[in-house]
Amino acid sequence: MFGMVQEVSLSGAHAGSDVMVKPTAERYQHSEIREENKAFRVVNAVQSMYDAGDIGDDELAAADRWYREYVFASLGVMENPQSDGRVRERGDIHTWMIGRGQCSARMSQIREMLGLCAHVRLEMLLAREMSFSAMARHLYPALSEGRARMKVSAQCALLLEQLAHVYEVISRKKHKKKSVNDKLSIDM
């Protein structure tokens, strides 16, 4: 999810140009934008929770992972992460589709573990990048905006904590299964 912060273009058409392109006044009205290292960034709801201390690094990483898996499972699009130096096989269409199927199965497993309401909130928060106010209008139309926004914010923070735990459980099960398979191959 681009590190939970989406970059806005800085420079003009020429990379070496001294001209700096800034977000329009209309963009400033619709988004919270901040400047970091000469880069303008649109801050989403997850980044706001992280900056406020409502969630930690584990929750931020879980949100990023969920978003990447959601996009890969539903659209078949995956960002190539920066190389960490390890050599990876490129694969072919078959390995790509197997990976996409595993991602989709993991999304279904998470939806099953957390429930449909949690999945809807994750989609609103992470996939659609809705603000807390926008989510509140959809989920709690009868409540005042401030109260509904506060409820949604608390729910999302709790949900990201649960998501981090779910990924931890899935990882433990995977490693446990792998160690059992390793023992079986040694015993034979």
# chains A, B, ... in the order shown; residues from 1 in each chain; ligands from 1
>>> closest_atom_pairs(of="stretch 141-171 of chain A", to="stretch 107-130 of chain A", cutoff="10 Å", atoms="only C-alpha atoms", output="CSV")
residue,atom,partner,partner_atom,distance
A:Val152,CA,A:Arg121,CA,8.9
A:Ser153,CA,A:Leu125,CA,10.0
A:Gln155,CA,A:Arg121,CA,8.7
A:Cys156,CA,A:Arg121,CA,7.3
A:Leu159,CA,A:Ala118,CA,6.9
A:Leu160,CA,A:Leu122,CA,8.4
A:Gln162,CA,A:Leu114,CA,7.8
A:Leu163,CA,A:Leu114,CA,7.9
A:Val166,CA,A:Ile110,CA,7.1
A:Tyr167,CA,A:Ile110,CA,8.3
A:Ile170,CA,A:Ile110,CA,9.1
>>> residues_around(residues="A:Val77", least_positions_apart="4", cutoff="12 Å", atoms="only C-alpha atoms", output="number ranges by chain")
A: 67-73, 96-97, 99-100, 103
>>> select_by_dssp(residues="stretch 25-178 of chain A", states="strand (DSSP E or B)", output="list in words")
Glu32, Ile33, Arg34, Glu35, Glu36, Ala39, Phe40, Arg41, Val42 and Val43 of chain A
